[in-house]
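Below is input30.pdb, holding PDB, C-alpha atoms.
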```pdb
ATOM      1  CA  MET A   1    -133.381 215.282  83.817
ATOM      2  CA  SER A   2    -132.963 212.688  81.039
ATOM      3  CA  GLY A   3    -129.919 210.455  80.993
ATOM      4  CA  ILE A   4    -127.421 209.576  78.301
ATOM      5  CA  ARG A   5    -129.369 208.032  75.428
ATOM      6  CA  VAL A   6    -127.829 204.679  74.477
ATOM      7  CA  ALA A   7    -128.611 202.441  71.495
ATOM      8  CA  LEU A   8    -127.264 199.051  70.424
ATOM      9  CA  VAL A   9    -126.715 197.482  67.007
ATOM     10  CA  ASP A  10    -125.953 193.745  67.222
ATOM     11  CA  ASP A  11    -127.265 190.633  65.491
ATOM     12  CA  GLN A  12    -127.375 188.450  68.627
ATOM     13  CA  ALA A  13    -130.718 188.756  70.408
ATOM     14  CA  LEU A  14    -129.408 187.378  73.699
ATOM     15  CA  PHE A  15    -126.529 189.860  73.751
ATOM     16  CA  ARG A  16    -128.925 192.709  73.003
ATOM     17  CA  ALA A  17    -131.146 191.645  75.898
ATOM     18  CA  GLY A  18    -128.220 191.600  78.295
ATOM     19  CA  ILE A  19    -126.975 195.035  77.251
ATOM     20  CA  ARG A  20    -130.511 196.445  77.397
ATOM     21  CA  MET A  21    -130.892 195.239  80.992
ATOM     22  CA  LEU A  22    -127.448 196.496  81.985
ATOM     23  CA  VAL A  23    -127.923 199.979  80.552
ATOM     24  CA  SER A  24    -131.498 200.277  81.845
ATOM     25  CA  SER A  25    -130.301 199.497  85.382
ATOM     26  CA  GLN A  26    -128.350 202.769  85.514
ATOM     27  CA  PRO A  27    -130.109 205.943  86.665
ATOM     28  CA  ASP A  28    -128.026 208.192  84.389
ATOM     29  CA  LEU A  29    -128.438 206.063  81.240
ATOM     30  CA  GLU A  30    -131.482 205.534  79.037
ATOM     31  CA  PHE A  31    -131.729 202.634  76.579
ATOM     32  CA  VAL A  32    -133.536 204.105  73.573
ATOM     33  CA  GLY A  33    -133.287 201.549  70.788
ATOM     34  CA  GLU A  34    -131.748 198.461  69.245
ATOM     35  CA  ALA A  35    -131.270 196.892  65.824
ATOM     36  CA  GLY A  36    -130.233 193.487  64.527
ATOM     37  CA  ASP A  37    -128.157 194.563  61.532
ATOM     38  CA  GLY A  38    -126.287 197.590  60.264
ATOM     39  CA  ARG A  39    -128.989 198.831  57.908
ATOM     40  CA  GLU A  40    -131.635 198.677  60.628
ATOM     41  CA  GLY A  41    -129.113 200.439  62.866
ATOM     42  CA  ILE A  42    -128.963 203.464  60.567
ATOM     43  CA  ALA A  43    -132.749 203.760  60.507
ATOM     44  CA  MET A  44    -133.027 203.242  64.257
ATOM     45  CA  ALA A  45    -130.394 205.885  65.005
ATOM     46  CA  ALA A  46    -132.130 208.385  62.740
ATOM     47  CA  GLU A  47    -135.420 207.830  64.552
ATOM     48  CA  ARG A  48    -134.188 207.543  68.141
ATOM     49  CA  GLN A  49    -131.193 209.925  67.927
ATOM     50  CA  PRO A  50    -129.061 208.294  70.641
ATOM     51  CA  ASP A  51    -126.083 210.007  72.248
ATOM     52  CA  VAL A  52    -123.993 206.817  72.214
ATOM     53  CA  VAL A  53    -124.274 203.811  69.894
ATOM     54  CA  LEU A  54    -122.784 200.432  70.795
ATOM     55  CA  MET A  55    -121.950 198.865  67.430
ATOM     56  CA  ASP A  56    -121.127 195.262  66.612
ATOM     57  CA  ILE A  57    -118.606 194.831  63.779
ATOM     58  CA  ARG A  58    -119.719 191.641  62.079
ATOM     59  CA  MET A  59    -123.404 191.574  61.160
ATOM     60  CA  PRO A  60    -125.587 190.450  58.249
ATOM     61  CA  VAL A  61    -126.985 192.847  55.624
ATOM     62  CA  LEU A  62    -124.604 195.699  56.529
ATOM     63  CA  ASP A  63    -121.566 195.497  58.784
ATOM     64  CA  GLY A  64    -120.705 197.806  61.655
ATOM     65  CA  ILE A  65    -118.196 199.825  59.646
ATOM     66  CA  GLU A  66    -120.678 200.891  56.985
ATOM     67  CA  SER A  67    -123.396 201.319  59.594
ATOM     68  CA  THR A  68    -121.128 203.659  61.562
ATOM     69  CA  ARG A  69    -120.454 205.697  58.429
ATOM     70  CA  GLY A  70    -124.161 205.853  57.656
ATOM     71  CA  ILE A  71    -125.196 206.884  61.162
ATOM     72  CA  LEU A  72    -122.598 209.645  61.376
ATOM     73  CA  ALA A  73    -123.295 210.918  57.855
ATOM     74  CA  GLN A  74    -127.017 211.049  58.554
ATOM     75  CA  ALA A  75    -126.421 212.918  61.819
ATOM     76  CA  ALA A  76    -124.148 215.404  60.041
ATOM     77  CA  GLN A  77    -126.848 216.130  57.468
ATOM     78  CA  ARG A  78    -129.389 216.591  60.234
ATOM     79  CA  GLY A  79    -127.120 218.987  62.115
ATOM     80  CA  GLY A  80    -126.400 219.133  65.819
ATOM     81  CA  ARG A  81    -124.244 216.813  67.841
ATOM     82  CA  GLN A  82    -123.282 213.518  66.249
ATOM     83  CA  PRO A  83    -123.653 210.341  68.293
ATOM     84  CA  ARG A  84    -120.517 208.712  69.617
ATOM     85  CA  VAL A  85    -119.974 205.153  68.416
ATOM     86  CA  ILE A  86    -118.273 202.437  70.458
ATOM     87  CA  VAL A  87    -117.365 199.416  68.376
ATOM     88  CA  LEU A  88    -117.793 195.999  69.994
ATOM     89  CA  THR A  89    -115.447 193.279  68.789
ATOM     90  CA  THR A  90    -114.629 189.700  69.730
ATOM     91  CA  PHE A  91    -110.915 189.939  68.979
ATOM     92  CA  ASP A  92    -108.101 191.918  70.628
ATOM     93  CA  LEU A  93    -106.426 192.568  67.300
ATOM     94  CA  ASP A  94    -109.205 193.242  64.863
ATOM     95  CA  GLU A  95    -108.592 194.902  61.512
ATOM     96  CA  ALA A  96    -112.290 195.679  61.236
ATOM     97  CA  ALA A  97    -112.173 197.624  64.515
ATOM     98  CA  ALA A  98    -109.317 199.723  63.160
ATOM     99  CA  ARG A  99    -111.312 200.412  59.992
ATOM    100  CA  ALA A 100    -114.322 201.402  62.107
ATOM    101  CA  ILE A 101    -112.201 203.942  63.972
ATOM    102  CA  ARG A 102    -111.137 205.399  60.647
ATOM    103  CA  ALA A 103    -114.826 205.511  59.683
ATOM    104  CA  GLY A 104    -115.582 207.693  62.705
ATOM    105  CA  ALA A 105    -116.049 205.407  65.707
ATOM    106  CA  SER A 106    -114.770 206.778  68.994
ATOM    107  CA  GLY A 107    -113.019 203.563  69.979
ATOM    108  CA  PHE A 108    -113.551 199.890  70.557
ATOM    109  CA  LEU A 109    -114.178 197.437  73.366
ATOM    110  CA  LEU A 110    -114.088 193.668  73.550
ATOM    111  CA  LYS A 111    -117.521 192.084  73.810
ATOM    112  CA  ASP A 112    -116.504 190.246  76.967
ATOM    113  CA  THR A 113    -115.349 193.412  78.725
ATOM    114  CA  ASP A 114    -116.392 193.875  82.336
ATOM    115  CA  PRO A 115    -119.927 195.352  82.571
ATOM    116  CA  GLU A 116    -118.750 198.168  84.834
ATOM    117  CA  PHE A 117    -116.062 199.086  82.318
ATOM    118  CA  LEU A 118    -118.618 199.163  79.510
ATOM    119  CA  LEU A 119    -120.829 201.504  81.539
ATOM    120  CA  ALA A 120    -117.856 203.720  82.333
ATOM    121  CA  ALA A 121    -116.920 203.730  78.638
ATOM    122  CA  ILE A 122    -120.383 204.954  77.659
ATOM    123  CA  ARG A 123    -120.091 207.854  80.100
ATOM    124  CA  THR A 124    -116.522 208.615  79.049
ATOM    125  CA  VAL A 125    -117.327 208.675  75.350
ATOM    126  CA  HIS A 126    -120.394 210.824  75.915
ATOM    127  CA  ALA A 127    -118.168 213.334  77.715
ATOM    128  CA  GLY A 128    -115.996 213.554  74.617
ATOM    129  CA  THR A 129    -113.067 211.320  75.516
ATOM    130  CA  SER A 130    -112.021 208.153  73.714
ATOM    131  CA  VAL A 131    -112.215 204.678  75.208
ATOM    132  CA  VAL A 132    -109.309 203.229  73.248
ATOM    133  CA  ALA A 133    -105.936 203.235  74.958
ATOM    134  CA  ALA A 134    -103.161 204.505  72.716
ATOM    135  CA  SER A 135    -101.310 201.207  73.145
ATOM    136  CA  ALA A 136    -104.324 199.263  71.870
ATOM    137  CA  THR A 137    -104.672 201.495  68.834
ATOM    138  CA  ARG A 138    -100.935 201.240  68.163
ATOM    139  CA  GLU A 139    -101.114 197.465  68.342
ATOM    140  CA  LEU A 140    -103.974 197.411  65.877
ATOM    141  CA  PHE A 141    -102.158 199.508  63.348
ATOM    142  CA  GLU A 142     -98.838 197.762  63.775
ATOM    143  CA  HIS A 143    -100.583 194.511  62.817
ATOM    144  CA  PHE A 144    -103.257 195.651  60.399
ATOM    145  CA  GLY A 145    -103.050 199.337  59.531
ATOM    146  CA  GLU A 146    -102.454 200.534  56.021
ATOM    147  CA  ILE A 147     -99.381 202.755  56.299
ATOM    148  CA  ALA A 148     -99.052 205.860  54.201
ATOM    149  CA  ALA A 149     -95.629 206.409  52.655
ATOM    150  CA  GLU A 150     -95.510 210.185  52.978
ATOM    151  CA  VAL A 151     -96.231 212.651  55.744
ATOM    152  CA  PRO A 152     -99.419 214.504  54.730
ATOM    153  CA  GLU A 153     -99.168 218.200  53.915
ATOM    154  CA  ALA A 154    -101.619 219.053  56.701
ATOM    155  CA  PHE A 155     -99.070 217.925  59.302
ATOM    156  CA  GLU A 156     -96.634 220.575  58.084
ATOM    157  CA  LEU A 157     -99.217 223.240  58.939
ATOM    158  CA  LEU A 158     -98.616 222.550  62.632
ATOM    159  CA  THR A 159     -96.243 224.799  64.543
ATOM    160  CA  GLY A 160     -93.169 223.339  66.209
ATOM    161  CA  ARG A 161     -94.876 223.293  69.605
ATOM    162  CA  GLU A 162     -98.029 221.744  68.113
ATOM    163  CA  LYS A 163     -95.937 218.953  66.560
ATOM    164  CA  GLU A 164     -94.337 218.256  69.942
ATOM    165  CA  ILE A 165     -97.743 218.047  71.635
ATOM    166  CA  PHE A 166     -99.141 215.980  68.750
ATOM    167  CA  LEU A 167     -96.399 213.372  69.205
ATOM    168  CA  LEU A 168     -96.879 213.224  72.976
ATOM    169  CA  ALA A 169    -100.651 212.853  72.607
ATOM    170  CA  ALA A 170    -100.136 210.157  69.950
ATOM    171  CA  ARG A 171     -98.043 208.199  72.459
ATOM    172  CA  GLY A 172    -100.984 208.226  74.859
ATOM    173  CA  LEU A 173     -99.946 210.947  77.316
ATOM    174  CA  SER A 174    -102.779 212.770  79.063
ATOM    175  CA  ASN A 175    -103.125 216.549  79.053
ATOM    176  CA  ALA A 176    -101.710 216.645  82.583
ATOM    177  CA  GLU A 177     -98.698 214.543  81.601
ATOM    178  CA  ILE A 178     -98.041 216.687  78.533
ATOM    179  CA  ALA A 179     -98.367 219.850  80.623
ATOM    180  CA  ARG A 180     -95.746 218.606  83.097
ATOM    181  CA  ARG A 181     -93.375 217.612  80.328
ATOM    182  CA  GLU A 182     -93.794 220.823  78.352
ATOM    183  CA  TYR A 183     -93.902 223.126  81.418
ATOM    184  CA  VAL A 184     -97.245 224.654  80.457
ATOM    185  CA  SER A 185    -100.732 224.569  81.944
ATOM    186  CA  GLU A 186    -103.289 221.880  81.163
ATOM    187  CA  ALA A 187    -105.511 224.577  79.671
ATOM    188  CA  THR A 188    -102.723 225.481  77.249
ATOM    189  CA  VAL A 189    -102.303 221.837  76.249
ATOM    190  CA  LYS A 190    -106.044 221.508  75.707
ATOM    191  CA  THR A 191    -105.984 224.581  73.456
ATOM    192  CA  HIS A 192    -103.073 223.190  71.442
ATOM    193  CA  VAL A 193    -104.764 219.804  71.042
ATOM    194  CA  SER A 194    -107.943 221.494  69.851
ATOM    195  CA  ARG A 195    -105.985 223.479  67.255
ATOM    196  CA  ILE A 196    -104.119 220.354  66.139
ATOM    197  CA  LEU A 197    -107.366 218.450  65.622
ATOM    198  CA  GLY A 198    -108.792 221.356  63.649
ATOM    199  CA  LYS A 199    -105.770 221.704  61.365
ATOM    200  CA  LEU A 200    -105.643 217.970  60.658
ATOM    201  CA  GLY A 201    -109.400 217.588  60.254
ATOM    202  CA  LEU A 202    -109.625 215.071  63.097
ATOM    203  CA  ARG A 203    -112.532 214.659  65.501
ATOM    204  CA  ASP A 204    -110.809 213.468  68.670
ATOM    205  CA  ARG A 205    -107.673 211.982  70.207
ATOM    206  CA  VAL A 206    -108.510 208.499  68.946
ATOM    207  CA  GLN A 207    -108.343 209.740  65.377
ATOM    208  CA  LEU A 208    -105.152 211.622  66.271
ATOM    209  CA  VAL A 209    -103.510 208.343  67.333
ATOM    210  CA  VAL A 210    -104.795 206.610  64.205
ATOM    211  CA  PHE A 211    -103.427 209.441  62.040
ATOM    212  CA  ALA A 212    -100.018 209.244  63.731
ATOM    213  CA  TYR A 213     -99.616 205.511  63.228
ATOM    214  CA  GLU A 214    -101.043 205.472  59.718
ATOM    215  CA  HIS A 215     -98.400 207.996  58.654
ATOM    216  CA  ARG A 216     -95.541 206.600  60.779
ATOM    217  CA  LEU A 217     -95.199 209.800  62.754
ATOM    218  CA  VAL A 218     -94.498 207.864  65.977
TER
END
```
What's the structure tokens form of this structure?
Amino acid sequence: MSGIRVALVDDQALFRAGIRMLVSSQPDLEFVGEAGDGREGIAMAAERQPDVVLMDIRMPVLDGIESTRGILAQAAQRGGRQPRVIVLTTFDLDEAAARAIRAGASGFLLKDTDPEFLLAAIRTVHAGTSVVAASATRELFEHFGEIAAEVPEAFELLTGREKEIFLLAARGLSNAEIARREYVSEATVKTHVSRILGKLGLRDRVQLVVFAYEHRLV
């Protein structure tokens, strides 16, 4: 049984070598490709079709934001499951990381994060969950986010209960925590969250948090 297919886009050869060794050491992960700039990253992802892409933000030729957009757009045209993108950044508060999330990345990690945490993040993202804590996303947008002045019309399409669950999810509560607070089952919360994402045109809970803070809903 093949493992999770992981690729890396980063302009530092030594960093790429370290990540390649780390990922290859895991029995459930498979390192399938690497690139030294964003443009090469798009081509590499198209050829190798990884499940998860680790993406540096600042690179020559094409940065990680545009590379993320290109990789996801190409995958959408091809059909099937899109790769999940984890942005790698040097700074805690990084405007570029926030922009990458808006471009479709599933979250961000610091480049000096613990290796075990990085491995766990790859598995978590592949399973469909974000790797950005709500507090981290909030901090990014409080410092750097472009704030919309008006609540978008799509938000008004949510029912009263969906708005309640939206706000709790935007504050970082898990499905279990929301279920306890709302006196419903976790399955019910999961259904509501899925409907919320669909109505707002969002891919996952990371984008839900981004949406909430961009529009000052929390």
Query - Distance query Arg81 in chain A at most 10 Å, all atoms listed in the file, self and fewer than 2 positions along chain excluded, as JSON, numbers by chain - result: {"A": [49, 51, 72, 75, 76, 78, 79, 83, 84]}
Report task. Skip Arg161 in chain A itself and residues of its chain fewer than 4 positions away, then list as number ranges by chain all residues within 9 Å of it, counting only C-alpha atoms. Result -> A: 165-166, 192
Query - Contacts of range 13-22 of chain A within 10 Å, all atoms listed in the file, excl. fewer than 5 positions in-chain, as a PyMOL selection string - result: chain A and resi 6-8+29-36+54+111+115-116+118-119
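Distances here use only C-alpha atoms; by that measure, the residue among A:Val61, A:Ala45, A:Val210, A:Val193 closest to Ser174 in chain A is A:Val193.
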List every residue of range 22-104 of chain A that has an atom at most 12 Å from any atom of range 199-205 of chain A, giving for each one its closest atom pair and the distance in Å to one decimal, counting all atoms listed in the file, sorted by chain and then by ascending residue number, as JSON lines.
```
{"residue": "A:Leu72", "atom": "CA", "partner": "A:Arg203", "partner_atom": "CA", "distance": 12.0}
{"residue": "A:Gln82", "atom": "CA", "partner": "A:Arg203", "partner_atom": "CA", "distance": 10.8}
{"residue": "A:Arg84", "atom": "CA", "partner": "A:Arg203", "partner_atom": "CA", "distance": 10.8}
{"residue": "A:Ile101", "atom": "CA", "partner": "A:Asp204", "partner_atom": "CA", "distance": 10.7}
{"residue": "A:Arg102", "atom": "CA", "partner": "A:Leu202", "partner_atom": "CA", "distance": 10.1}
{"residue": "A:Ala103", "atom": "CA", "partner": "A:Arg203", "partner_atom": "CA", "distance": 11.1}
{"residue": "A:Gly104", "atom": "CA", "partner": "A:Arg203", "partner_atom": "CA", "distance": 8.1}
```
Report task. Please measure the separation of CA of Leu217 in chain A and CA of Ala170 in chain A, giving the value in Å to one decimal. Result ->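 According to the coordinates, CA of Leu217 in chain A and CA of Ala170 in chain A are separated by 8.7 Å.
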Query raised in the report: Which one is closest to Glu177 in chain A: A:Val85, A:Leu109, A:Val209, A:Val189? Count all atoms listed in the file.
Result: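 Among the listed residues, the smallest separation from Glu177 in chain A belongs to A:Val189.
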Report task. Would you be able to write out as a PyMOL selection string which residues have an atom within 9 Å of (-117.2, 206.3, 69.0) in the file's coordinates, counting all atoms listed in the file? Result -> chain A and resi 52-55+68+83-87+100-101+104-108+125-126+130-131+206
**Report entry** Atom pair CA of Pro60 in chain A / CA of Asp37 in chain A: separation (Å)
**Finding:**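 If I compute the distance from CA of Pro60 in chain A to CA of Asp37 in chain A, I get 5.9 Å.
Counting all atoms listed in the file and comparing A:Ala127, A:Leu173, A:Leu62, A:Ile57, the residue that lies closest to Leu110 in chain A is A:Ile57.
Across the model, the gap from CA of Leu88 in chain A to CA of Met44 in chain A is 17.8 Å.
Between Gly3 in chain A and the residues A:Ile122, A:Leu157, A:Val151, A:Ile71, the shortest atom-to-atom distance, using only C-alpha atoms, involves A:Ile122.
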Query raised in the report: So which one's closest to Ser67 in chain A, A:Val9, A:Ala121, A:Ala179, A:Ile196? Using only C-alpha atoms, please.
Result: A:Val9
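With all atoms listed in the file as the atoms that count, the residue of A:Asp114, A:Thr124, A:Tyr213, A:Ile4 with the shortest distance to Arg171 in chain A is A:Tyr213.
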